[in-house]
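Asker: I'm passing along start-v4.cif; it holds mmCIF, C-alpha atoms and all ligand atoms.
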```cif
data_protein
loop_
_atom_site.label_atom_id
_atom_site.label_comp_id
_atom_site.auth_asym_id
_atom_site.auth_seq_id
_atom_site.Cartn_x
_atom_site.Cartn_y
_atom_site.Cartn_z
CA MET M 899 -6.43 0.33 -11.69
CA ILE M 900 -5.90 3.65 -9.98
CA ILE M 901 -8.27 4.59 -7.24
CA GLY M 902 -10.58 7.51 -7.70
CA ALA M 903 -13.03 7.26 -4.83
CA VAL M 904 -11.09 9.56 -2.56
CA PRO M 905 -9.84 12.50 -4.57
CA PHE M 906 -6.84 13.82 -2.78
CA ALA M 907 -3.59 14.98 -4.29
CA PRO M 908 -0.97 15.93 -1.73
CA GLY M 909 0.71 18.15 -4.31
CA VAL M 910 3.43 20.46 -3.13
CA SER M 911 3.29 21.01 0.56
CA PRO M 912 5.70 22.42 3.13
CA PRO M 913 7.77 19.77 4.91
CA LEU M 914 6.12 18.50 8.05
CA VAL M 915 7.71 19.73 11.22
CA VAL M 916 7.06 19.24 14.87
CA GLU M 917 7.68 22.47 16.66
CA PRO M 918 6.66 24.45 19.70
CA SER M 919 3.61 26.59 19.21
CA PRO M 920 4.61 29.98 17.68
CA ALA M 921 2.71 31.72 20.44
CA ALA M 922 5.02 30.29 23.08
CA ASP M 923 6.46 33.73 23.87
CA SER M 924 3.07 35.31 24.25
CA PRO M 925 1.57 36.12 27.65
CA ILE M 926 -0.41 32.88 27.48
CA THR M 927 1.18 30.53 29.98
CA GLY M 928 1.62 26.81 29.45
CA ASP M 929 -1.01 26.17 32.07
CA SER M 930 -3.62 28.03 30.11
CA ARG M 931 -3.10 26.12 26.87
CA PRO M 932 -5.84 23.54 26.69
CA TYR M 933 -3.95 21.10 24.46
CA ASP M 934 -0.58 19.33 24.61
CA LEU M 935 -0.40 18.69 20.90
CA LEU M 936 -2.18 19.93 17.79
CA ILE M 937 -2.03 18.17 14.42
CA LYS M 938 -2.82 20.97 12.07
CA GLY M 939 -4.27 21.14 8.58
CA GLY M 940 -4.20 17.51 7.46
CA LYS M 941 -6.90 15.62 5.67
CA VAL M 942 -8.50 13.53 8.42
CA ILE M 943 -9.79 10.13 7.34
CA ASP M 944 -11.51 8.36 10.22
CA PRO M 945 -13.90 5.68 8.95
CA SER M 946 -15.13 5.01 12.52
CA GLN M 947 -16.93 8.35 12.38
CA GLY M 948 -17.35 8.71 8.62
CA LEU M 949 -14.97 11.66 8.79
CA GLU M 950 -13.14 12.80 5.69
CA ALA M 951 -12.24 16.47 5.74
CA GLU M 952 -9.50 18.97 6.45
CA LEU M 953 -9.54 19.11 10.24
CA ASP M 954 -7.23 19.68 13.17
CA VAL M 955 -6.71 17.05 15.84
CA ALA M 956 -6.02 18.21 19.38
CA VAL M 957 -4.55 15.98 22.08
CA ARG M 958 -4.55 16.35 25.83
CA GLY M 959 -3.33 13.95 28.51
CA GLY M 960 -2.68 11.16 26.03
CA LYS M 961 -6.25 11.22 24.71
CA ILE M 962 -7.95 12.79 21.71
CA ALA M 963 -9.45 16.05 22.96
CA SER M 964 -11.00 17.55 19.84
CA VAL M 965 -11.27 17.08 16.08
CA ALA M 966 -12.44 20.33 14.54
CA PRO M 967 -11.63 22.88 11.84
CA ALA M 968 -9.20 25.72 12.54
CA ILE M 969 -8.21 25.10 16.16
CA PRO M 970 -5.94 28.07 17.04
CA GLU M 971 -2.24 27.19 17.26
CA GLY M 972 -1.85 29.19 20.44
CA GLN M 973 -3.99 26.63 22.25
CA ALA M 974 -1.34 23.88 22.05
CA GLU M 975 2.13 23.33 23.45
CA GLN M 976 3.35 21.49 20.37
CA ILE M 977 2.27 21.64 16.74
CA ILE M 978 2.55 19.02 14.00
CA ARG M 979 2.02 20.64 10.61
CA ALA M 980 0.19 18.17 8.42
CA GLN M 981 -0.89 20.25 5.42
CA GLY M 982 -1.06 18.01 2.36
CA LYS M 983 -0.86 14.91 4.54
CA ILE M 984 -3.40 12.30 5.59
CA VAL M 985 -4.28 12.00 9.27
CA THR M 986 -5.81 8.74 10.45
CA PRO M 987 -6.39 6.91 13.71
CA GLY M 988 -3.17 5.09 14.68
CA LEU M 989 -2.93 2.10 12.37
CA ILE M 990 -3.51 -1.42 13.72
CA ASP M 991 -1.83 -4.52 12.27
CA ILE M 992 -3.48 -7.71 13.52
CA HIS M 993 -0.85 -10.14 12.22
CA THR M 994 2.81 -9.55 13.08
CA HIS M 995 5.67 -11.43 14.75
CA VAL M 996 7.35 -9.13 17.24
CA PHE M 997 8.90 -11.59 19.69
CA PRO M 998 12.57 -11.57 18.66
CA TYR M 999 15.54 -13.64 19.95
CA VAL M 1000 13.46 -16.72 20.82
CA GLY M 1001 13.23 -18.49 17.48
CA PRO M 1002 13.94 -17.03 14.04
CA TYR M 1003 10.72 -15.16 13.23
CA GLY M 1004 10.41 -12.21 15.54
CA ILE M 1005 11.47 -8.63 14.91
CA GLU M 1006 11.76 -5.70 17.31
CA PRO M 1007 8.36 -4.00 17.25
CA ASP M 1008 9.17 -0.31 17.49
CA PRO M 1009 11.35 0.30 14.40
CA TYR M 1010 8.83 -1.47 12.14
CA CYS M 1011 5.60 -0.45 13.85
CA VAL M 1012 5.28 2.75 15.88
CA ARG M 1013 7.95 4.41 13.73
CA ARG M 1014 6.10 3.40 10.57
CA GLY M 1015 2.58 4.54 11.31
CA VAL M 1016 1.42 1.49 13.26
CA THR M 1017 0.56 2.15 16.90
CA SER M 1018 -0.97 -1.21 17.83
CA VAL M 1019 -0.15 -4.75 16.73
CA ILE M 1020 -1.21 -8.27 17.41
CA ASP M 1021 1.59 -10.81 17.63
CA ALA M 1022 0.09 -13.84 15.92
CA GLY M 1023 1.29 -16.86 17.84
CA THR M 1024 5.04 -16.38 18.02
CA SER M 1025 4.83 -17.29 21.70
CA GLY M 1026 3.22 -20.29 23.38
CA ALA M 1027 2.61 -21.08 27.02
CA PHE M 1028 6.27 -21.96 27.62
CA THR M 1029 7.68 -18.78 26.10
CA PHE M 1030 5.02 -16.14 26.74
CA PRO M 1031 6.51 -15.00 30.09
CA ALA M 1032 9.71 -13.90 28.29
CA PHE M 1033 7.69 -12.18 25.55
CA ARG M 1034 5.76 -10.30 28.19
CA ARG M 1035 8.68 -9.22 30.33
CA PHE M 1036 11.40 -8.53 27.77
CA ILE M 1037 9.46 -7.26 24.77
CA ILE M 1038 5.82 -6.25 25.33
CA GLU M 1039 6.34 -4.36 28.58
CA ARG M 1040 9.28 -2.43 27.08
CA ALA M 1041 7.80 -1.60 23.68
CA ALA M 1042 6.39 1.80 22.78
CA THR M 1043 4.15 0.04 20.25
CA ARG M 1044 0.99 -1.35 21.86
CA VAL M 1045 1.52 -5.11 21.55
CA ARG M 1046 -1.16 -7.69 22.29
CA ALA M 1047 -0.70 -11.40 21.73
CA LEU M 1048 -2.49 -14.35 20.27
CA LEU M 1049 -1.05 -17.24 22.23
CA HIS M 1050 -0.08 -20.22 20.12
CA VAL M 1051 -2.20 -23.20 21.13
CA VAL M 1052 1.05 -25.20 20.93
CA SER M 1053 3.07 -24.50 24.07
CA ILE M 1054 6.42 -24.06 22.26
CA GLY M 1055 4.96 -21.40 19.99
CA MET M 1056 6.98 -20.84 16.83
CA VAL M 1057 10.49 -21.38 18.23
CA ALA M 1058 11.42 -23.63 15.31
CA GLY M 1059 10.15 -21.14 12.73
CA GLY M 1060 9.92 -22.93 9.41
CA THR M 1061 12.67 -25.50 10.11
CA PRO M 1062 11.85 -28.63 8.06
CA ASP M 1063 10.47 -31.55 10.06
CA MET M 1064 10.34 -29.49 13.26
CA GLY M 1065 6.89 -27.96 12.85
CA GLU M 1066 5.21 -27.16 16.13
CA LEU M 1067 2.17 -29.39 15.45
CA GLU M 1068 4.12 -32.43 14.32
CA ASP M 1069 4.21 -33.62 17.93
CA LEU M 1070 0.78 -33.27 19.52
CA ARG M 1071 2.21 -33.65 23.01
CA TYR M 1072 3.03 -29.94 22.89
CA CYS M 1073 -0.55 -29.02 22.02
CA VAL M 1074 -2.27 -28.91 25.39
CA PRO M 1075 -5.39 -26.71 25.60
CA LYS M 1076 -5.21 -26.61 29.41
CA LEU M 1077 -1.73 -25.02 29.33
CA ALA M 1078 -2.81 -22.45 26.76
CA VAL M 1079 -5.93 -21.53 28.75
CA GLU M 1080 -3.98 -21.21 32.01
CA THR M 1081 -1.44 -18.87 30.41
CA ALA M 1082 -4.19 -16.82 28.77
CA ASN M 1083 -6.07 -16.50 32.04
CA GLN M 1084 -2.93 -15.40 33.87
CA ASN M 1085 -2.30 -12.70 31.23
CA ARG M 1086 -5.74 -11.48 30.21
CA ASP M 1087 -4.43 -7.93 29.88
CA LEU M 1088 -2.17 -8.94 26.99
CA ILE M 1089 -3.41 -12.24 25.55
CA VAL M 1090 -6.48 -11.53 23.43
CA GLY M 1091 -6.93 -14.84 21.63
CA PHE M 1092 -5.25 -17.95 20.28
CA LYS M 1093 -3.38 -18.81 17.09
CA ILE M 1094 -2.65 -22.05 15.31
CA ARG M 1095 -0.93 -22.81 11.99
CA PHE M 1096 -2.17 -25.29 9.42
CA SER M 1097 0.37 -25.92 6.68
CA GLU M 1098 1.32 -29.52 6.12
CA HIS M 1099 5.03 -28.90 6.75
CA TYR M 1100 4.23 -27.57 10.26
CA THR M 1101 1.65 -30.20 11.14
CA GLY M 1102 2.00 -33.46 9.26
CA PRO M 1103 -1.41 -35.14 9.52
CA ASN M 1104 -2.21 -33.52 12.90
CA ASP M 1105 -3.90 -30.33 11.73
CA LEU M 1106 -7.53 -31.26 12.33
CA GLU M 1107 -6.76 -32.56 15.81
CA GLY M 1108 -4.88 -29.28 16.42
CA MET M 1109 -8.02 -27.39 15.35
CA ARG M 1110 -10.14 -29.40 17.78
CA ARG M 1111 -7.74 -28.61 20.61
CA GLY M 1112 -7.61 -24.96 19.59
CA ARG M 1113 -11.41 -24.86 19.57
CA ALA M 1114 -11.46 -26.34 23.06
CA ALA M 1115 -8.98 -23.73 24.35
CA ALA M 1116 -10.83 -20.85 22.74
CA ASP M 1117 -14.18 -22.01 24.12
CA GLU M 1118 -12.85 -22.52 27.63
CA ALA M 1119 -11.12 -19.13 27.72
CA GLY M 1120 -13.93 -17.34 25.89
CA LEU M 1121 -11.46 -15.88 23.39
CA PRO M 1122 -11.31 -15.91 19.56
CA ILE M 1123 -8.91 -18.07 17.58
CA MET M 1124 -6.98 -17.13 14.44
CA ILE M 1125 -6.06 -19.90 12.03
CA HIS M 1126 -3.23 -19.79 9.48
CA ILE M 1127 -4.27 -21.47 6.24
CA GLY M 1128 -2.52 -22.43 3.00
CA GLY M 1129 -1.18 -25.83 2.00
CA SER M 1130 -2.90 -27.69 4.81
CA TYR M 1131 -3.11 -31.49 5.01
CA THR M 1132 -6.86 -31.30 5.65
CA PRO M 1133 -9.28 -29.33 3.42
CA LEU M 1134 -10.16 -25.82 4.61
CA LYS M 1135 -13.87 -26.56 4.99
CA GLU M 1136 -13.10 -28.97 7.86
CA PHE M 1137 -11.50 -26.13 9.84
CA LEU M 1138 -14.18 -23.61 8.91
CA ALA M 1139 -16.82 -25.98 10.27
CA LEU M 1140 -15.17 -25.59 13.68
CA MET M 1141 -14.89 -21.80 13.58
CA LYS M 1142 -17.30 -19.41 15.22
CA LYS M 1143 -18.36 -15.78 14.87
CA GLY M 1144 -15.39 -13.52 15.57
CA ASP M 1145 -12.76 -16.16 14.81
CA VAL M 1146 -10.25 -15.16 12.14
CA VAL M 1147 -8.82 -16.86 9.06
CA THR M 1148 -5.45 -15.33 8.14
CA HIS M 1149 -3.38 -15.75 4.95
CA SER M 1150 -6.81 -15.83 3.32
CA PHE M 1151 -5.56 -14.83 -0.13
CA ASN M 1152 -2.64 -17.23 -0.55
CA ASN M 1153 -2.23 -19.33 -3.67
CA HIS M 1154 -1.53 -22.68 -2.02
CA PRO M 1155 -3.75 -25.79 -2.00
CA HIS M 1156 -6.86 -25.70 0.22
CA GLY M 1157 -7.43 -21.96 -0.12
CA LEU M 1158 -10.63 -19.93 -0.52
CA LEU M 1159 -11.10 -20.66 -4.22
CA ASP M 1160 -11.98 -23.86 -6.06
CA SER M 1161 -10.08 -25.04 -9.14
CA SER M 1162 -12.18 -22.77 -11.37
CA GLY M 1163 -11.34 -19.70 -9.27
CA LYS M 1164 -14.70 -19.46 -7.51
CA LEU M 1165 -15.14 -18.94 -3.78
CA THR M 1166 -16.08 -22.25 -2.20
CA PRO M 1167 -19.52 -22.56 -0.57
CA ALA M 1168 -17.87 -23.25 2.82
CA VAL M 1169 -16.07 -19.88 2.68
CA VAL M 1170 -19.22 -17.96 1.73
CA GLU M 1171 -21.14 -19.75 4.48
CA ALA M 1172 -18.43 -19.03 7.09
CA ARG M 1173 -18.43 -15.32 6.28
CA GLY M 1174 -22.21 -15.33 6.51
CA ARG M 1175 -22.06 -16.45 10.12
CA GLY M 1176 -19.38 -14.00 11.17
CA VAL M 1177 -16.03 -15.73 10.62
CA LEU M 1178 -13.55 -13.00 9.67
CA PHE M 1179 -11.07 -13.10 6.78
CA ASP M 1180 -7.73 -11.33 7.22
CA VAL M 1181 -4.89 -10.75 4.76
CA GLY M 1182 -1.68 -11.76 6.64
CA HIS M 1183 0.55 -11.04 3.63
CA GLY M 1184 3.84 -12.64 4.74
CA ALA M 1185 6.62 -13.98 2.58
CA GLY M 1186 4.45 -16.75 1.16
CA SER M 1187 0.81 -15.98 1.73
CA PHE M 1188 -0.50 -13.19 -0.50
CA SER M 1189 -1.29 -13.49 -4.19
CA PHE M 1190 -2.46 -10.51 -6.25
CA GLU M 1191 -4.19 -12.95 -8.57
CA VAL M 1192 -6.17 -14.66 -5.79
CA MET M 1193 -7.02 -11.30 -4.22
CA GLU M 1194 -8.26 -9.98 -7.55
CA LYS M 1195 -10.44 -13.04 -8.07
CA CYS M 1196 -11.95 -12.62 -4.60
CA LEU M 1197 -12.53 -8.88 -5.02
CA GLY M 1198 -14.15 -9.64 -8.39
CA GLN M 1199 -16.67 -11.81 -6.51
CA GLY M 1200 -17.35 -9.08 -3.96
CA PHE M 1201 -15.24 -10.76 -1.28
CA SER M 1202 -12.92 -8.19 0.27
CA PRO M 1203 -10.84 -8.76 3.41
CA ASP M 1204 -12.30 -7.74 6.78
CA THR M 1205 -8.84 -6.62 7.87
CA ILE M 1206 -5.54 -5.96 6.13
CA SER M 1207 -2.44 -7.15 8.00
CA SER M 1208 1.19 -7.60 7.10
CA ASP M 1209 2.39 -10.82 8.80
CA LEU M 1210 5.63 -8.92 9.29
CA TYR M 1211 8.55 -11.11 10.35
CA SER M 1212 12.29 -11.37 9.92
CA ALA M 1213 12.23 -13.02 6.48
CA ASN M 1214 9.98 -10.41 4.83
CA ILE M 1215 10.95 -7.02 6.25
CA ASN M 1216 13.31 -6.56 3.28
CA GLY M 1217 10.56 -7.58 0.87
CA PRO M 1218 8.05 -8.44 -0.27
CA VAL M 1219 6.23 -7.12 2.81
CA TYR M 1220 8.50 -4.35 4.17
CA ASP M 1221 5.80 -2.98 6.49
CA GLN M 1222 2.09 -2.42 6.95
CA LEU M 1223 1.98 0.75 4.83
CA THR M 1224 3.45 -1.10 1.85
CA THR M 1225 0.83 -3.82 2.39
CA LEU M 1226 -1.94 -1.21 2.48
CA SER M 1227 -0.60 0.44 -0.68
CA LYS M 1228 -1.06 -2.84 -2.55
CA PHE M 1229 -4.81 -2.56 -2.00
CA LEU M 1230 -4.83 0.87 -3.60
CA VAL M 1231 -3.24 -0.79 -6.63
CA LEU M 1232 -6.05 -3.36 -6.58
CA GLY M 1233 -8.65 -0.59 -6.78
CA MET M 1234 -9.78 -0.35 -3.17
CA SER M 1235 -10.51 3.22 -2.07
CA LEU M 1236 -8.16 4.85 0.42
CA THR M 1237 -11.02 5.12 2.91
CA ASP M 1238 -11.81 1.41 2.61
CA VAL M 1239 -8.13 0.57 3.06
CA ILE M 1240 -7.84 2.77 6.16
CA ALA M 1241 -11.02 1.22 7.62
CA ARG M 1242 -9.44 -2.24 7.39
CA THR M 1243 -6.44 -1.20 9.48
CA THR M 1244 -8.25 1.06 11.96
CA VAL M 1245 -11.88 0.60 12.95
CA ASN M 1246 -12.28 -2.93 11.56
CA ALA M 1247 -9.05 -4.12 13.18
CA SER M 1248 -9.94 -2.52 16.52
CA ARG M 1249 -13.11 -4.60 16.70
CA VAL M 1250 -11.53 -8.01 16.07
CA PHE M 1251 -9.68 -8.30 19.37
CA ASN M 1252 -10.04 -6.62 22.75
CA PHE M 1253 -7.07 -4.25 22.95
CA GLY M 1254 -8.15 -2.97 26.36
CA ALA M 1255 -8.06 0.60 25.05
CA GLU M 1256 -10.21 2.72 22.79
CA ILE M 1257 -8.27 2.68 19.54
CA GLY M 1258 -8.98 2.74 15.81
CA THR M 1259 -10.86 6.01 16.12
CA LEU M 1260 -10.25 9.73 16.61
CA LYS M 1261 -13.34 10.19 18.78
CA PRO M 1262 -12.69 12.54 21.70
CA GLY M 1263 -11.69 10.47 24.74
CA ALA M 1264 -10.03 7.75 22.66
CA GLU M 1265 -6.31 7.01 22.97
CA ALA M 1266 -4.27 9.73 21.25
CA ASP M 1267 -3.00 7.30 18.62
CA VAL M 1268 -2.70 9.15 15.32
CA SER M 1269 -0.87 8.38 12.09
CA VAL M 1270 0.24 11.18 9.80
CA LEU M 1271 0.77 9.66 6.37
CA GLU M 1272 1.80 10.80 2.95
CA LEU M 1273 0.23 9.48 -0.22
CA LYS M 1274 3.28 9.74 -2.47
CA GLU M 1275 2.85 10.16 -6.19
CA GLY M 1276 5.29 8.52 -8.58
CA GLU M 1277 5.95 5.18 -10.24
CA PHE M 1278 5.97 2.32 -7.75
CA THR M 1279 6.28 -1.43 -8.24
CA PHE M 1280 4.75 -3.76 -5.67
CA THR M 1281 5.53 -7.47 -5.38
CA ASP M 1282 3.32 -10.18 -3.89
CA SER M 1283 4.45 -13.40 -2.19
CA GLU M 1284 4.75 -15.16 -5.53
CA GLY M 1285 7.06 -12.63 -7.10
CA LYS M 1286 4.28 -11.18 -9.26
CA THR M 1287 4.25 -7.42 -9.58
CA ARG M 1288 1.80 -4.58 -10.05
CA THR M 1289 2.72 -0.97 -10.70
CA SER M 1290 1.03 2.04 -9.20
CA ARG M 1291 1.24 5.80 -9.10
CA GLN M 1292 0.61 5.97 -5.36
CA LYS M 1293 2.29 4.73 -2.21
CA LEU M 1294 1.51 5.38 1.43
CA GLU M 1295 4.40 6.35 3.66
CA ALA M 1296 4.67 7.22 7.34
CA VAL M 1297 5.47 10.82 8.20
CA THR M 1298 4.93 11.07 11.96
CA THR M 1299 3.15 8.82 14.41
CA VAL M 1300 1.56 9.76 17.71
CA LYS M 1301 0.94 7.03 20.26
CA GLY M 1302 -0.74 7.93 23.54
CA GLY M 1303 0.12 11.57 22.82
CA LYS M 1304 3.83 10.86 22.33
CA VAL M 1305 5.45 11.68 18.99
CA PHE M 1306 7.53 9.13 17.03
CA GLU M 1307 9.46 9.96 13.87
CA PRO M 1308 10.33 7.30 11.28
CA THR M 1309 13.70 5.58 11.65
CA ALA M 1310 16.14 6.42 8.91
ZN ZN M 1401 2.39 -15.13 10.75
#
```
How does this structure look as structure tokens?
Answerer:
Amino acid sequence: MIIGAVPFAPGVSPPLVVEPSPAADSPITGDSRPYDLLIKGGKVIDPSQGLEAELDVAVRGGKIASVAPAIPEGQAEQIIRAQGKIVTPGLIDIHTHVFPYVGPYGIEPDPYCVRRGVTSVIDAGTSGAFTFPAFRRFIIERAATRVRALLHVVSIGMVAGGTPDMGELEDLRYCVPKLAVETANQNRDLIVGFKIRFSEHYTGPNDLEGMRRGRAAADEAGLPIMIHIGGSYTPLKEFLALMKKGDVVTHSFNNHPHGLLDSSGKLTPAVVEARGRGVLFDVGHGAGSFSFEVMEKCLGQGFSPDTISSDLYSANINGPVYDQLTTLSKFLVLGMSLTDVIARTTVNASRVFNFGAEIGTLKPGAEADVSVLELKEGEFTFTDSEGKTRTSRQKLEAVTTVKGGKVFEPTA
């Protein structure tokens, strides 16, 4: 199915360039130019404001200053020409693993995030109480990408990755709510919730007890918890019963036992009930957790994800995930409108966790986080976590990304 809700053909457009304003030699001095940066002539899609039109975006002092038609070029120090491109709030990916070198999962954030359209990410539990200080000091504080963390309820985090028989919840001695809460409280600027993984090979029979301890930590800290589902020892409904409004289920559309669907392909009553009381359902694609078939069955029952995230980590950056924009493109293939896709990685994502900054919107005063994207036309094949493919005529790619007013070009 090819989307039709947002008619927009990039067509032939001049290559995008970042350049000084052409009026730089004019008598106007730098001091009199009201804007640092002007993103000119793109199609702005900002679901937070219901905006979808050809507009210019002006930036001053690291914040959005104005979104309006035909802002004169002479008013800005630097121009990004975005004719034929799509301009959105900086994209947000709420499930990544960007804590490298401690365990096998993590990747460096900047090459895969801020240089590929994603200005803010959540690291979903790579670190635990014992390893978070290193994540903070050596990665988060040095990254250009805005990184916030869900602290693993298990203090060793994901240092063992997927090593057989070394799953982090196989030994409950490492799962100490008090340690997780203490670390969260000492790092409230960066830790925005908790994470825990429930697949039998990471937990043995301990998953439900892990959920109880995660619940206790989340309640004591007053933060949400994200749970990883798919192939759990205990049925999903037992975990859902312990989840509250604002908590997040990730890997929602996997094709492993104890998923969202019953054996006839229908959403289970526990899932419908959980959504009804405000539990959120996220994609978290990953190497093993996203099935086109399951997603299609859910969409067919009116159940679309609240947020779209990549679950980017070392074993999937060369496929099938690649990056967040590839993940988003898969939803265009599934028939979701471009606006609905952008909403799930901007405004929706910004509301799930407290990023400590106004993001996910191009409202004046918000962080100057802006993604300039291209909707490429051609013949593209997309692969899910089961090796199944879908072909499409469209693919989203990053052109230029602005984070806090600073410009980042894609890495080669
Ligand atoms: Zn993950």
Asker: Between M:Glu1171, M:Asp1209, M:Glu1256, M:Glu1039, single out the one closest to ligand ZN 1401 (chain M), counting all atoms listed in the file.
Answerer: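 Using all atoms listed in the file, ligand ZN 1401 (chain M) sits closest to M:Asp1209.
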Asker: Considering all atoms listed in the file, tabulate each residue of chain M that lies at most 8 Å from ligand ZN 1401 (chain M) along with its nearest interatomic pair and the corresponding distance in Å to one decimal; arrange the rows by chain and ascending residue number and present them as a tab-separated table.
Answerer:
```
residue	atom	partner	partner_atom	distance
M:His993	CA	M:ZN1401	ZN	6.1
M:Thr994	CA	M:ZN1401	ZN	6.1
M:His995	CA	M:ZN1401	ZN	6.4
M:Ala1022	CA	M:ZN1401	ZN	5.8
M:Gly1023	CA	M:ZN1401	ZN	7.4
M:Thr1024	CA	M:ZN1401	ZN	7.8
M:His1126	CA	M:ZN1401	ZN	7.4
M:Gly1182	CA	M:ZN1401	ZN	6.7
M:Gly1184	CA	M:ZN1401	ZN	6.7
M:Asp1209	CA	M:ZN1401	ZN	4.7
M:Leu1210	CA	M:ZN1401	ZN	7.2
M:Tyr1211	CA	M:ZN1401	ZN	7.4
```
Asker: Grab the atom CA of His1149 of chain M to atom CA of Ser1097 of chain M distance for me, in Å with one decimal place.
Answerer: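 Spanning atom CA of His1149 of chain M to atom CA of Ser1097 of chain M is a straight-line distance of 11.0 Å.
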Asker: Which residues come within 9 Å of Asp954 of chain M, counting only C-alpha atoms, excluding same-chain residues fewer than 2 positions away, as a JSON list (two decimals) with C-alpha atoms, keeping the file's coordinate frame?
Answerer:
```
[["chain", "number", "residue", "atom", "x", "y", "z"],
["M", 936, "LEU", "CA", -2.18, 19.93, 17.79],
["M", 937, "ILE", "CA", -2.03, 18.17, 14.42],
["M", 938, "LYS", "CA", -2.82, 20.97, 12.07],
["M", 939, "GLY", "CA", -4.27, 21.14, 8.58],
["M", 940, "GLY", "CA", -4.20, 17.51, 7.46],
["M", 941, "LYS", "CA", -6.90, 15.62, 5.67],
["M", 942, "VAL", "CA", -8.50, 13.53, 8.42],
["M", 952, "GLU", "CA", -9.50, 18.97, 6.45],
["M", 956, "ALA", "CA", -6.02, 18.21, 19.38],
["M", 964, "SER", "CA", -11.00, 17.55, 19.84],
["M", 965, "VAL", "CA", -11.27, 17.08, 16.08],
["M", 966, "ALA", "CA", -12.44, 20.33, 14.54],
["M", 967, "PRO", "CA", -11.63, 22.88, 11.84],
["M", 968, "ALA", "CA", -9.20, 25.72, 12.54],
["M", 969, "ILE", "CA", -8.21, 25.10, 16.16],
["M", 980, "ALA", "CA", 0.19, 18.17, 8.42]]
```
Asker: In Å, how far is it from atom CA of Lys1304 of chain M to atom CA of Ser1269 of chain M?
Answerer: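 Spanning atom CA of Lys1304 of chain M to atom CA of Ser1269 of chain M is a straight-line distance of 11.5 Å.
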Asker: Using Å and a single decimal, report how far atom CA of Phe1096 of chain M sits from atom CA of Phe1036 of chain M.
Answerer: 28.3 Å
Asker: Which residues are close to Ser1130 of chain M, i.e. within 9 Å by all atoms listed in the file, leaving aside same-chain residues fewer than 4 positions away? Reply as a list in words.
Answerer: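 Residues near the query, excluding close chain neighbours: Arg1095, Phe1096, Ser1097, Glu1098, His1099, Tyr1100, Thr1101, Gly1102, Pro1103, Asp1105, Leu1134, His1154, Pro1155, His1156 and Gly1157 of chain M.
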Asker: Nearest residue to Gly1060 of chain M out of M:Asp934, M:Ala1213, M:Lys1143, M:Ile1005, using all atoms listed in the file?
Answerer: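 Smallest distance to Gly1060 of chain M is found for M:Ala1213.
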Asker: Could you build a table of the residues in segment 1242-1278 of chain M lying no more than 9 Å from segment 1288-1291 of chain M, giving for each the nearest pair of atoms and their separation in Å rounded to one decimal place, using all atoms listed in the file, ordered by chain and ascending residue number, as a Markdown table?
Answerer:
```
| residue | atom | partner | partner_atom | distance |
| --- | --- | --- | --- | --- |
| M:Lys1274 | CA | M:Arg1291 | CA | 8.0 |
| M:Glu1275 | CA | M:Arg1291 | CA | 5.5 |
| M:Gly1276 | CA | M:Arg1291 | CA | 4.9 |
| M:Glu1277 | CA | M:Arg1291 | CA | 4.9 |
| M:Phe1278 | CA | M:Ser1290 | CA | 5.2 |
```
Asker: I'd like the neighbourhood of Val957 of chain M as an mmCIF file with C-alpha atoms, in the frame of the given file, where a residue qualifies if any of its atoms comes within 12 Å (using all atoms listed in the file), though same-chain residues fewer than 5 positions away should be ignored.
Answerer:
```cif
data_model
loop_
_atom_site.group_PDB
_atom_site.id
_atom_site.type_symbol
_atom_site.label_atom_id
_atom_site.label_comp_id
_atom_site.auth_asym_id
_atom_site.auth_seq_id
_atom_site.Cartn_x
_atom_site.Cartn_y
_atom_site.Cartn_z
ATOM 1 C CA ARG M 931 -3.100 26.120 26.870
ATOM 2 C CA PRO M 932 -5.840 23.540 26.690
ATOM 3 C CA TYR M 933 -3.950 21.100 24.460
ATOM 4 C CA ASP M 934 -0.580 19.330 24.610
ATOM 5 C CA LEU M 935 -0.400 18.690 20.900
ATOM 6 C CA LEU M 936 -2.180 19.930 17.790
ATOM 7 C CA ILE M 937 -2.030 18.170 14.420
ATOM 8 C CA LYS M 938 -2.820 20.970 12.070
ATOM 9 C CA ILE M 962 -7.950 12.790 21.710
ATOM 10 C CA ALA M 963 -9.450 16.050 22.960
ATOM 11 C CA SER M 964 -11.000 17.550 19.840
ATOM 12 C CA VAL M 965 -11.270 17.080 16.080
ATOM 13 C CA ALA M 966 -12.440 20.330 14.540
ATOM 14 C CA ILE M 969 -8.210 25.100 16.160
ATOM 15 C CA GLN M 973 -3.990 26.630 22.250
ATOM 16 C CA ALA M 974 -1.340 23.880 22.050
ATOM 17 C CA GLU M 975 2.130 23.330 23.450
ATOM 18 C CA GLN M 976 3.350 21.490 20.370
ATOM 19 C CA ILE M 977 2.270 21.640 16.740
ATOM 20 C CA ILE M 978 2.550 19.020 14.000
ATOM 21 C CA LEU M 1260 -10.250 9.730 16.610
ATOM 22 C CA LYS M 1261 -13.340 10.190 18.780
ATOM 23 C CA PRO M 1262 -12.690 12.540 21.700
ATOM 24 C CA GLY M 1263 -11.690 10.470 24.740
ATOM 25 C CA ALA M 1264 -10.030 7.750 22.660
ATOM 26 C CA GLU M 1265 -6.310 7.010 22.970
ATOM 27 C CA ALA M 1266 -4.270 9.730 21.250
ATOM 28 C CA ASP M 1267 -3.000 7.300 18.620
ATOM 29 C CA VAL M 1268 -2.700 9.150 15.320
ATOM 30 C CA VAL M 1300 1.560 9.760 17.710
ATOM 31 C CA LYS M 1301 0.940 7.030 20.260
ATOM 32 C CA GLY M 1302 -0.740 7.930 23.540
ATOM 33 C CA GLY M 1303 0.120 11.570 22.820
ATOM 34 C CA LYS M 1304 3.830 10.860 22.330
ATOM 35 C CA VAL M 1305 5.450 11.680 18.990
#
```
